[in-house]
Amino acid sequence: MPAGEILVVEGLRKYFVKGGGFLGGPRRVIKAVDGVSFTLRKGETIGLVGESGSGKTTTGRLVLRLLEPDAGRILFEGVDITHLPESKLRPMRPRMQMIYQDPYWSLNPRKPVGEAIAEPLIVHRLASRSEARERALELLERVGLTPPEDFYWRIPAQLSGGQRQRVVIARAMILKPELLVADEPVSMVDVSMRAEILRLLKDFQREYGLAMIFITHDLSVARLVADRIMVMYLGRIVEAGPAEEVLRDPRHPYTAALITAAPSVRRRRRRRYEIRGEIADPSNIPPGCRFHPRCPRATERCSREEPSLADIGDGRLVACHNPLPPGWLREWLKTQGES
Ligand SMILES: Nc1ncnc2c1ncn2[C@@H]1O[C@H](COP(=O)(O)OP(=O)(O)OP(=O)(O)O)[C@@H](O)[C@H]1O
Ligand SMILES: [Mg+2]
């Protein structure tokens with residue numbers, strides 16, 4: 001494992017089985033994550049994007065071993081944690097943290113938020129109760145909930161959505177983790193507060209040298225925070241590369257569809273780059289390229305042969321038999337009447 005890499009993921013897979021057992025119903029195998037490989041460097045942010053149901057949250061939970069993978073390998077700081085028993089994982093847990101999609105579910109509604117922030121230090125026996133309380137007050141101040149003595153005893157219902165998310169961030173940061181999976185951390189936050197909360201995360205990141213997997217389906221948020229972007233479709237990565245490059249010059253038709261469907265583009269243009277239908281059912285993945293039934297560029301080969309994620313140079317990877325030519329998006333925007 002080359003120096004500087006904090007996480008190496010190879011061929012990760014997670015299938016969920018529904019029905020078919022004692023409770024009956026048709027048996028369905030949901031291929032939530034179906035062969036995902038990537039590496040994350042120290043201090044780097046990967047933006048993980050894709051439509052609802054593409055497997056982003058499952059990927060995040062797998063790499064932190066909050067879910068048991070069915071196949072593949074996860075190396076954290078060079079240690080193979082894929083099947084590490086909980087007793088061995090436990091001392092590593094403080095180094096890897098997750099911020100969940102919905103702050104309502106990540107905070108106990110009856111627990112004062114200061115106690116919630118202090119809790120990880122106590123649970124992992126890294127501080128006495130009074131030390132943990134001191135640290136929690138520092139963190140409250142740090143995330144802008146001042147005066148901290150006032151906020152410490154409030155319960156989540158007494159805070160706004162943005163304030164709750166600051167608490168969630170403080171709680172994740174009190175252990176000074178090296179790896180953070182942030183799952184849509186601003187999607188439930190008022191638009192006016194988003195930039196400030198993202199800045200807060202970035203400040204922690206700089207200070208701790210934190211590596212981040214930032215899950216979002218908002219490409220404008222990904223553009224703000226990510227060094228690299230990985231686009232997921234039905235459990236697979238279909239395109240990856242430096243964030244600016246991928247967003248300026250997408251090469252996978254699905255990435256192009258996501259970009260041209262974004263509200264900032266749509267407002268000004270008549271139509272998006274058309275793809276057909278809704279995201280497919282992860283319990284019924286089509287043969288060949290899983291995107292081919294929706295793809296405007298699909299050929300007969302695409303319905304037979306699954307493309308692998310191939311290196312096209314300059315750190316860019318694309319899983320497509322028939323990728324868009326370089327400069328495609330710029331040309332397409334021109335044909336839409338604007339350059
Ligand atoms: N515990 C589970 N049991 C059964 N199916 C699950 C479970 N967790 C996730 N799934 C299914 O796996 C697929 C991928 O889910 P996942 O939550 O990873 O998607 P996502 O990309 O995070 O979507 P969203 O943008 O809506 O959060 C979905 O079809 C989902 O219903
Ligand atoms: Mg999710």
# chains A, B, ... in the order shown; residues from 1 in each chain; ligands from 1
>>> residues_around(residues="segment 120-134 of chain A", least_positions_apart="5", cutoff="9 Å", atoms="only C-alpha atoms", output="list in words")
Arg90, Pro91, Arg93, Pro94, Gly114, Glu115, Leu139, Arg171, Ala172, Ile174 and Leu175 of chain A
>>> residues_around(residues="Pro156 of chain A", least_positions_apart="6", cutoff="12 Å", atoms="only C-alpha atoms", output="VMD selection string")
chain A and resid 103 to 117 162 to 168
>>> closest_atom_pairs(of="chain A", to="ligand 1", cutoff="8 Å", atoms="only C-alpha atoms and all ligand atoms", output="Markdown table")
| residue | atom | partner | partner_atom_place_in_ligand_line | distance |
| --- | --- | --- | --- | --- |
| A:Tyr15 | CA | ligand 1 | 12 (O) | 7.8 |
| A:Phe16 | CA | ligand 1 | 4 (C) | 5.0 |
| A:Val17 | CA | ligand 1 | 4 (C) | 6.7 |
| A:Lys18 | CA | ligand 1 | 4 (C) | 6.6 |
| A:Ile30 | CA | ligand 1 | 12 (O) | 6.0 |
| A:Lys31 | CA | ligand 1 | 12 (O) | 6.7 |
| A:Ala32 | CA | ligand 1 | 12 (O) | 4.1 |
| A:Val33 | CA | ligand 1 | 14 (C) | 7.2 |
| A:Val49 | CA | ligand 1 | 21 (O) | 7.9 |
| A:Gly50 | CA | ligand 1 | 21 (O) | 6.4 |
| A:Glu51 | CA | ligand 1 | 25 (O) | 5.7 |
| A:Ser52 | CA | ligand 1 | 25 (O) | 3.3 |
| A:Gly53 | CA | ligand 1 | 19 (O) | 3.5 |
| A:Ser54 | CA | ligand 1 | 21 (O) | 3.9 |
| A:Gly55 | CA | ligand 1 | 18 (O) | 3.2 |
| A:Lys56 | CA | ligand 1 | 21 (O) | 3.8 |
| A:Thr57 | CA | ligand 1 | 22 (O) | 3.7 |
| A:Thr58 | CA | ligand 1 | 18 (O) | 3.7 |
| A:Thr59 | CA | ligand 1 | 18 (O) | 6.4 |
| A:Gln101 | CA | ligand 1 | 27 (O) | 7.5 |
| A:Glu184 | CA | ligand 1 | 27 (O) | 8.0 |
| A:Ile215 | CA | ligand 1 | 22 (O) | 7.9 |
| A:Thr216 | CA | ligand 1 | 25 (O) | 7.3 |
| A:His217 | CA | ligand 1 | 25 (O) | 6.5 |
| A:Met232 | CA | ligand 1 | 21 (O) | 7.8 |
| A:Leu234 | CA | ligand 1 | 14 (C) | 7.6 |
| A:Gly235 | CA | ligand 1 | 14 (C) | 7.2 |
| A:Asp281 | CA | ligand 1 | 29 (O) | 7.0 |
| A:Pro282 | CA | ligand 1 | 29 (O) | 5.5 |
| A:Ser283 | CA | ligand 1 | 29 (O) | 7.5 |
>>> write_last_selection(atoms="C-alpha atoms", output="short mmCIF file (atom, residue, chain, number, x, y, z; two decimals), in the first residue's frame")
data_model
loop_
_atom_site.label_atom_id
_atom_site.label_comp_id
_atom_site.auth_asym_id
_atom_site.auth_seq_id
_atom_site.Cartn_x
_atom_site.Cartn_y
_atom_site.Cartn_z
CA TYR A 15 -26.34 -8.09 -1.49
CA PHE A 16 -29.49 -7.85 0.61
CA VAL A 17 -31.98 -10.71 0.47
CA LYS A 18 -35.64 -9.89 0.96
CA ILE A 30 -30.90 -6.58 -3.97
CA LYS A 31 -27.43 -5.95 -5.37
CA ALA A 32 -26.78 -2.75 -3.43
CA VAL A 33 -23.00 -2.74 -3.93
CA VAL A 49 -22.58 10.83 -6.26
CA GLY A 50 -25.46 9.01 -7.96
CA GLU A 51 -29.24 8.74 -7.90
CA SER A 52 -31.22 7.44 -4.96
CA GLY A 53 -30.71 3.71 -4.51
CA SER A 54 -27.39 3.56 -6.35
CA GLY A 55 -25.61 2.17 -3.25
CA LYS A 56 -23.84 5.23 -1.83
CA THR A 57 -24.86 4.80 1.81
CA THR A 58 -24.24 1.05 1.69
CA THR A 59 -20.72 1.68 0.34
CA GLN A 101 -28.02 11.30 6.35
CA GLU A 184 -25.57 13.92 2.70
CA ILE A 215 -21.94 11.36 -0.18
CA THR A 216 -24.32 13.64 -2.02
CA HIS A 217 -26.61 13.68 -4.99
CA MET A 232 -22.25 5.34 -8.84
CA LEU A 234 -26.77 0.48 -9.50
CA GLY A 235 -24.00 -0.62 -7.17
CA ASP A 281 -34.34 -1.96 -9.80
CA PRO A 282 -31.24 -3.22 -7.94
CA SER A 283 -32.94 -6.62 -7.55
#
>>> atom_distance(atom1="atom CA of Leu247 of chain A", atom2="atom CA of Leu224 of chain A")
11.4 Å
>>> closest_residue(among="A:Leu145, A:Leu137, A:Ile155, A:Ala211", to="Glu77 of chain A", atoms="only C-alpha atoms")
A:Ala211
>>> closest_residue(among="A:Gly241, A:Ser160, A:Arg223, A:Met98", to="Met193 of chain A", atoms="only C-alpha atoms")
A:Ser160
>>> residues_around(residues="Leu84 of chain A", least_positions_apart="2", cutoff="12 Å", atoms="only C-alpha atoms", output="PyMOL selection string")
chain A and resi 64-69+73-76+79-82+86-93
>>> atom_distance(atom1="atom CA of Ile229 of chain A", atom2="atom CA of Leu317 of chain A")
10.4 Å
>>> closest_residue(among="A:Asp102, A:Glu178, A:Asp70, A:Glu5", to="ligand 2", atoms="only C-alpha atoms and all ligand atoms")
A:Asp102
>>> closest_residue(among="A:Pro148, A:Val8, A:Gly19, A:Ser187", to="ligand 2", atoms="only C-alpha atoms and all ligand atoms")
A:Ser187
>>> select_by_dssp(residues="segment 87-129 of chain A", states="strand (DSSP E)", output="PDB file with N, CA and C atoms, in the first residue's frame")
ATOM      1  N   MET A  96     -12.366   6.179  12.655  1.00  0.00           N
ATOM      2  CA  MET A  96     -13.265   6.233  11.500  1.00  0.00           C
ATOM      3  C   MET A  96     -14.674   6.572  11.955  1.00  0.00           C
ATOM      4  N   GLN A  97     -15.192   7.641  11.451  1.00  0.00           N
ATOM      5  CA  GLN A  97     -16.485   8.124  11.912  1.00  0.00           C
ATOM      6  C   GLN A  97     -17.452   8.311  10.747  1.00  0.00           C
ATOM      7  N   MET A  98     -18.745   8.323  11.103  1.00  0.00           N
ATOM      8  CA  MET A  98     -19.762   8.531  10.076  1.00  0.00           C
ATOM      9  C   MET A  98     -20.731   9.615  10.512  1.00  0.00           C
ATOM     10  N   ILE A  99     -21.089  10.474   9.576  1.00  0.00           N
ATOM     11  CA  ILE A  99     -22.180  11.421   9.806  1.00  0.00           C
ATOM     12  C   ILE A  99     -23.354  10.932   8.970  1.00  0.00           C
TER      13      ILE A  99
END
>>> closest_residue(among="A:Arg236, A:Lys334, A:Arg61, A:Arg27", to="ligand 2", atoms="only C-alpha atoms and all ligand atoms")
A:Arg61
>>> residues_around(residues="Leu198 of chain A", least_positions_apart="6", cutoff="10 Å", atoms="only C-alpha atoms", output="VMD selection string")
chain A and resid 185 to 186 221 224 to 225
>>> write_last_selection(atoms="C-alpha atoms", output="CSV table (one decimal), in the first residue's frame")
chain,number,residue,atom,x,y,z
A,185,PRO,CA,-24.5,16.1,5.7
A,186,VAL,CA,-26.3,19.2,4.4
A,221,VAL,CA,-22.1,20.5,-3.4
A,224,LEU,CA,-17.4,22.6,-3.6
A,225,VAL,CA,-16.0,19.9,-1.4
>>> atom_distance(atom1="atom CA of Cys295 of chain A", atom2="atom CA of Glu274 of chain A")
8.4 Å
>>> closest_residue(among="A:Gly25, A:Pro325, A:Pro242, A:Gly4", to="Arg297 of chain A", atoms="only C-alpha atoms")
A:Pro325
>>> residues_around(residues="Ala319 of chain A", least_positions_apart="4", cutoff="8 Å", atoms="only C-alpha atoms", output="tab-separated table (two decimals) with C-alpha atoms, in the first residue's frame")
chain	number	residue	atom	x	y	z
A	237	ILE	CA	-18.71	3.03	-10.09
A	238	VAL	CA	-19.24	4.12	-13.69
A	239	GLU	CA	-16.96	7.17	-13.75
A	252	HIS	CA	-19.84	8.49	-19.20
A	307	PRO	CA	-17.72	-2.73	-19.33
A	308	SER	CA	-14.96	-2.54	-16.70
A	309	LEU	CA	-13.78	0.69	-15.14
A	310	ALA	CA	-10.91	1.58	-17.50
>>> residues_around(residues="Asn322 of chain A", least_positions_apart="6", cutoff="12 Å", atoms="only C-alpha atoms", output="PyMOL selection string")
chain A and resi 251-254+289+291-292+295-302+306-307+310
>>> select_by_dssp(residues="segment 14-61 of chain A", states="helix (DSSP H, G or I)", output="PyMOL selection string")
chain A and resi 56-61
>>> write_last_selection(atoms="N, CA and C atoms", output="PDB file, in the first residue's frame")
ATOM      1  N   LYS A  56     -24.808   4.323  -2.459  1.00  0.00           N
ATOM      2  CA  LYS A  56     -23.837   5.230  -1.829  1.00  0.00           C
ATOM      3  C   LYS A  56     -23.730   4.990  -0.325  1.00  0.00           C
ATOM      4  N   THR A  57     -24.872   4.989   0.356  1.00  0.00           N
ATOM      5  CA  THR A  57     -24.859   4.800   1.811  1.00  0.00           C
ATOM      6  C   THR A  57     -24.312   3.420   2.164  1.00  0.00           C
ATOM      7  N   THR A  58     -24.729   2.409   1.424  1.00  0.00           N
ATOM      8  CA  THR A  58     -24.238   1.055   1.692  1.00  0.00           C
ATOM      9  C   THR A  58     -22.720   1.003   1.541  1.00  0.00           C
ATOM     10  N   THR A  59     -22.181   1.641   0.523  1.00  0.00           N
ATOM     11  CA  THR A  59     -20.723   1.683   0.340  1.00  0.00           C
ATOM     12  C   THR A  59     -20.063   2.338   1.557  1.00  0.00           C
ATOM     13  N   GLY A  60     -20.613   3.475   1.999  1.00  0.00           N
ATOM     14  CA  GLY A  60     -20.050   4.178   3.153  1.00  0.00           C
ATOM     15  C   GLY A  60     -20.068   3.319   4.407  1.00  0.00           C
ATOM     16  N   ARG A  61     -21.162   2.626   4.639  1.00  0.00           N
ATOM     17  CA  ARG A  61     -21.277   1.785   5.840  1.00  0.00           C
ATOM     18  C   ARG A  61     -20.336   0.577   5.760  1.00  0.00           C
TER      19      ARG A  61
END
